[in-house]
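So the structure is just underneath, and the comments pick up after that.
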Amino acid sequence: MIVADKKPIEEIIETTRNFKRLLILGCNECVTVCEAGGKKEVGILASALRMNALNQGREVKIDEITLERQCDHEYLEEIRNVVDQYDGILSIACGVGVQFTAEKYQATPVLPGVNTKFMGATEKRGLWVERCQGCGQCILATTGGICPVSRCAKRLFNGPCGGSSNGKCEISKEVDCAWQLIIDRMKALGTLEDYEKLSPIKDWSTDRAGGPRKVVREDVQL
Amino acid sequence: MTVKTPSKLEKILAAGHLAVTSECGPPRGSDPEGITRKAEMIKDHVDAINITDNQTSMTRMCSLAACIRLKLMGLEPVLQMVTRDRNRLALQSDILGAASFDIHNIICLSGDHNSFGDCAKGQNVHDLDSLQLVQTVRYMRDEGKFLGGDEIKRPPEMFVGAAANPFADPFEIRVPRLAKKIAAGAEFIQTQCIYNLDKFEEWMKLACDRGLTEKVYILAGMTPMKSAGMARYMKNRVPGMDVPDELVKRLADTPKEKQAEEGITICVEAIQRLKEVKGVAGFHVMAIEWEEKVPEIIERAGLYPRPKVV
Amino acid sequence: MRLNYPTNVKIIRVPCTGKVDTIHILRAFEKGADGVCVIGCMEGDCHYNSGNFRARKRVEQVSHLLEQIGIGGERVKMFNLSSGEGPRFAQYAVEMTERVTALGPNPIKLARKRAAA
């Protein structure tokens with residue numbers, strides 16, 4: 001899923017300071033799972049911002065709505081009738097949701113309330129880890145299911161580098177060396193002889209380097 | 001192994017001599033004297049001089065410019081290129097720039113992660129990795145083409161090298177990794193500095209058994225210790241470094257004012273021992289900020305004068 | 001036991017402090033509470049295993065948030081005791097009251113009064 005983290009409240013207070021009627025818009029999917037932008041977080045943020053405003057002698061109306069997703073038109077349409085009641089929306093969905101909401105409701109400022117970080121998984125509650133950077137050309141079949149693009153700090157295709165130490169990356173003891181993981185997995189799978197195969201030069205045109213991307217599926221378009 | 005380029009280093013190795021290379025780090029400024037002064041100190045004692053490329057991710061004068069400076073002094077540079085800072089366009093472009101000055105040696109590395117240096121907030125590139133860069137240089141040289149497929153006018157004639165670290169983890173793939181670098185096209189290898197001679201000899205033996213030492217020239221990396229403190233630091237704080245306890249002890253047991261001298265002696269002894277190891281084709285002496293000691297090390301190790309080749 | 005404890009302590013009973021969520025504590029302050037204490041079982045003795053650990057984390061979260069919005073993180077606190085310890089409950093109630101009194105009333109109350117005026 002897309003993993004995001006809450007923005008510091010000082011930053012949110014600063015960016016929403018001029019709004020008198022604020023809608024906090026949450027999302028029921030990824031940001032709910034990583035406990036950054038779901039219904040609970042909407043409630044907490046609303047309460048905190050209300051108290052903050054009162055404390056500063058400001059009058060603010062803060063409402064709370066959580067949509068199923070903010071990345072699909074039909075869910076965003078659900079607020080069409082109420083959007084005029086607000087002079088600003090604080091979307092605590094991922095960056096996709098913030099943008100899609102802003103595109104749909106052009107007359108209302110839409111601000112982000114979380115920092116979108118990466119595509120990752122829940123290793124355990126309270127710990128989310130990066131696993132994919134969307135390079136557009138998945139090579140996991142050749143690396144035992146471990147991605148060198150997202151898990152190697154230098155995205156080496158023929159690693160490890162000389163800085164790998166005790167299975168950890170040179171940048172930090174808390175970061176696993178992706179290539180140690182790949183080698184261990186190849187050993188477990190009995191495919192270690194594949195290690196010597198040279199991985200070809202990557203075509204990064206399917207990554208961000210090629211420009212903003214889209215996926216078109218004519219077979220499902222009407 | 002036949003000679004494929006005008007590289008003086010290649011010729012010395014092909015002739016069967018033990019080659020000697022050393023390293024200069026460019027200055028963190030634009031004064032060429034930062035290079036010329038160091039080069040002057042070592043030029044008669046080495047066959048070629050590596051110029052590091054933004055080492056430890058600290059911004060420095062670029063390796064290419066410093067190599068050109070050496071070339072203008074009539075010396076033999078080894079252009080070090082890391083893949084951290086440049087994409088494939090810039091890498092190929094710089095290779096052509098080097099070739100235009102008849103720089104004939106290149107060594108391809110990944111580079112330390114940029115978080116270690118002064119640009120921790122910057123992007124790192126890694127468009128290619130070090131092995132893919134080796135492949136690229138060989139392709140440009142042997143096929144005379146850019147990666148994109150077009151012809152290169154006056155292709156680079158470069159002797160291509162890569163680095164190896166017999167002491168990094170995991171040990172079991174260190175020789176397969178060497179094989180991989182050779183398969184990618186590496187013609188010479190400079191290793192990380194060696195202190196654990198037993199382990200190095202073990203690695204060399206495994207490499208020999210696989211026939212790898214007949215396909216590539218391996219230059220053993222040597223860095224003299226300045227003090228027991230340095231030995232301890234390198235043992236504990238530098239990843240991929242294997243410093244045996246006996247070495248630290250030997251320095252620690254030496255009185256402080258004599259430790260530097262002892263460090264040089266240890267280095268010389270190591271060179272003398274490794275000269276006898278099958279497959280060792282030469283030495284890469286890295287005496288960073290201690291370049292003035294290189295002549296002494298080379299002379300005491302019996303590697304002076306350097307052979308002349310046409 | 002019929003022990004005395006301050007009259008300004010309003011008790012809300014929950015089956016386990018694990019049921020107390022962050023928003024409940026925040027709403028109490030929004031509605032004008034001067035202080036909130038969450039009183040749970042001794043750590044390790046929770047009838048539901050880890051409810052009181054969750055409560056502690058939530059109390060810490062609220063405390064941090066209250067500090068950042070200028071209400072004061074000292075107004076919320078977690079206490080642990082066993083259900084048979086009547087005197088200790090009274091002691092904690094007194095401690096909390098003294099603590100909150102020293103901090104003064106919830107600034108929200110004052111702000112509301114000013115806004116209404």
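Letters A, B, ... go to the chains of the structure tokens in the order shown; residues in each chain start at 1; ligands are counted from 1 in the same order.
If we count only C-alpha atoms, these residues of chain A sit within 6 Å of chain C: Ile44, Asn52, Leu54 and Asn55 of chain A.
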Output for the residues just chosen: C-alpha atoms as a PDB file, in the first residue's frame:
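Written out: selection20.pdb:
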```pdb
ATOM      1  CA  ILE A  44      -7.997  13.504  16.428  1.00  0.00           C
ATOM      2  CA  ASN A  52      -5.777  25.147  19.088  1.00  0.00           C
ATOM      3  CA  LEU A  54      -9.984  28.411  20.456  1.00  0.00           C
ATOM      4  CA  ASN A  55      -6.806  28.796  22.428  1.00  0.00           C
TER       5      ASN A  55
END
```
Residues near segment 203-214 of chain B, anyone? I mean within 8 Å using only C-alpha atoms, not counting same-chain ones fewer than 3 positions away, as number ranges by chain.
B: 1, 166, 174-175, 178-179, 182, 199-200, 217-218, 277-280
Taking only segment 116-161 of chain A into account, list the residues labelled alpha helix (DSSP H) by DSSP (computed from the backbone), as a VMD selection string.
chain A and resid 148 to 151
Using only C-alpha atoms, what table do you get, as JSON lines, when you list each residue of chain B with an atom no more than 6 Å from chain A, its nearest pair of atoms, and their distance in Å rounded to one decimal, rows by chain then rising number?
```
{"residue": "B:Asp129", "atom": "CA", "partner": "A:Leu156", "partner_atom": "CA", "distance": 5.5}
{"residue": "B:Asn165", "atom": "CA", "partner": "A:Gly162", "partner_atom": "CA", "distance": 5.9}
{"residue": "B:Ala168", "atom": "CA", "partner": "A:Gly162", "partner_atom": "CA", "distance": 5.5}
{"residue": "B:Asp169", "atom": "CA", "partner": "A:Ser165", "partner_atom": "CA", "distance": 5.4}
{"residue": "B:Lys180", "atom": "CA", "partner": "A:Glu196", "partner_atom": "CA", "distance": 5.5}
{"residue": "B:Pro239", "atom": "CA", "partner": "A:Gly163", "partner_atom": "CA", "distance": 5.5}
{"residue": "B:Gly240", "atom": "CA", "partner": "A:Gly163", "partner_atom": "CA", "distance": 5.5}
```
Output C-alpha atoms of each residue in that selection to a file, as a short mmCIF file (atom, residue, chain, number, x, y, z; two decimals), in the first residue's frame.
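Dumped to again-v5.cif:
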```
data_model
loop_
_atom_site.label_atom_id
_atom_site.label_comp_id
_atom_site.auth_asym_id
_atom_site.auth_seq_id
_atom_site.Cartn_x
_atom_site.Cartn_y
_atom_site.Cartn_z
CA ASP B 129 26.09 0.06 -11.54
CA ASN B 165 37.11 -6.23 -1.66
CA ALA B 168 33.50 -7.51 2.54
CA ASP B 169 30.56 -9.70 3.34
CA LYS B 180 31.30 -11.52 -12.52
CA PRO B 239 32.90 -1.14 6.78
CA GLY B 240 34.53 -3.85 4.72
#
```
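If you measure from each of B:Ile298, B:Val3, B:Ile107, B:Met225 to Ile266 of chain B using only C-alpha atoms, the closest one turns out to be B:Met225.
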Show me, as a VMD selection string, the residues that have an atom within 10 Å of segment 42-59 of chain C when counting only C-alpha atoms, minus same-chain residues fewer than 2 positions from it.
chain C and resid 15 to 23 25 to 26 36 to 40 61 to 65 73 76 to 83
With distances taken over only C-alpha atoms, which residue among B:Cys24, B:Ala164, B:Ser100, B:Ile51 lies nearest Arg37 of chain B?
B:Cys24
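Taking atom CA of Asp84 of chain A and atom CA of Asp5 of chain A as the two end points, the separation is 28.5 Å.
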DSSP on the backbone, then: every residue of segment 55-294 of chain B marked strand (DSSP E), written as a PyMOL selection string.
chain B and resi 77-82+105-109+159-164+188-193+217-222+280-285
If we count only C-alpha atoms and set the cut-off at 9 Å, which residues sit around Arg154 of chain B, ignoring sequence neighbours fewer than 5 positions away in its own chain? Please answer as an MDAnalysis selection string.
chainID B and resid 96 99:100 144
Go ahead and dump the residues you just picked, C-alpha atoms, as a PDB file, in the first residue's frame.
```pdb
ATOM      1  CA  LEU B  96      35.158  10.663 -24.343  1.00  0.00           C
ATOM      2  CA  ALA B  99      39.944   9.819 -24.259  1.00  0.00           C
ATOM      3  CA  SER B 100      40.390  13.161 -26.005  1.00  0.00           C
ATOM      4  CA  GLY B 144      33.251   1.693 -31.132  1.00  0.00           C
TER       5      GLY B 144
END
```
Write out as number ranges by chain the residues lying within 12 Å of Gly282 of chain B, counting only C-alpha atoms and excluding same-chain residues fewer than 5 positions away.
B: 9-10, 12-14, 16-22, 46-48, 188-191, 216-222, 271-272, 274-277, 298, 301, 303, 306
Which polymer residues have any atom within 10 Å of an atom of Ile13 of chain A, counting only C-alpha atoms, with same-chain residues fewer than 5 positions away left out, as a PyMOL selection string?
(chain A and resi 8+18+48-49+52-53) or (chain C and resi 69)
Identify, on the basis of only C-alpha atoms, every residue whose closest approach to Gly104 of chain C does not exceed 12 Å; exclude the query and any residue fewer than 4 positions from it along the same chain; express the result as a VMD selection string.
chain C and resid 33 to 35 71 to 72 74 to 75 97 to 100 108 to 110
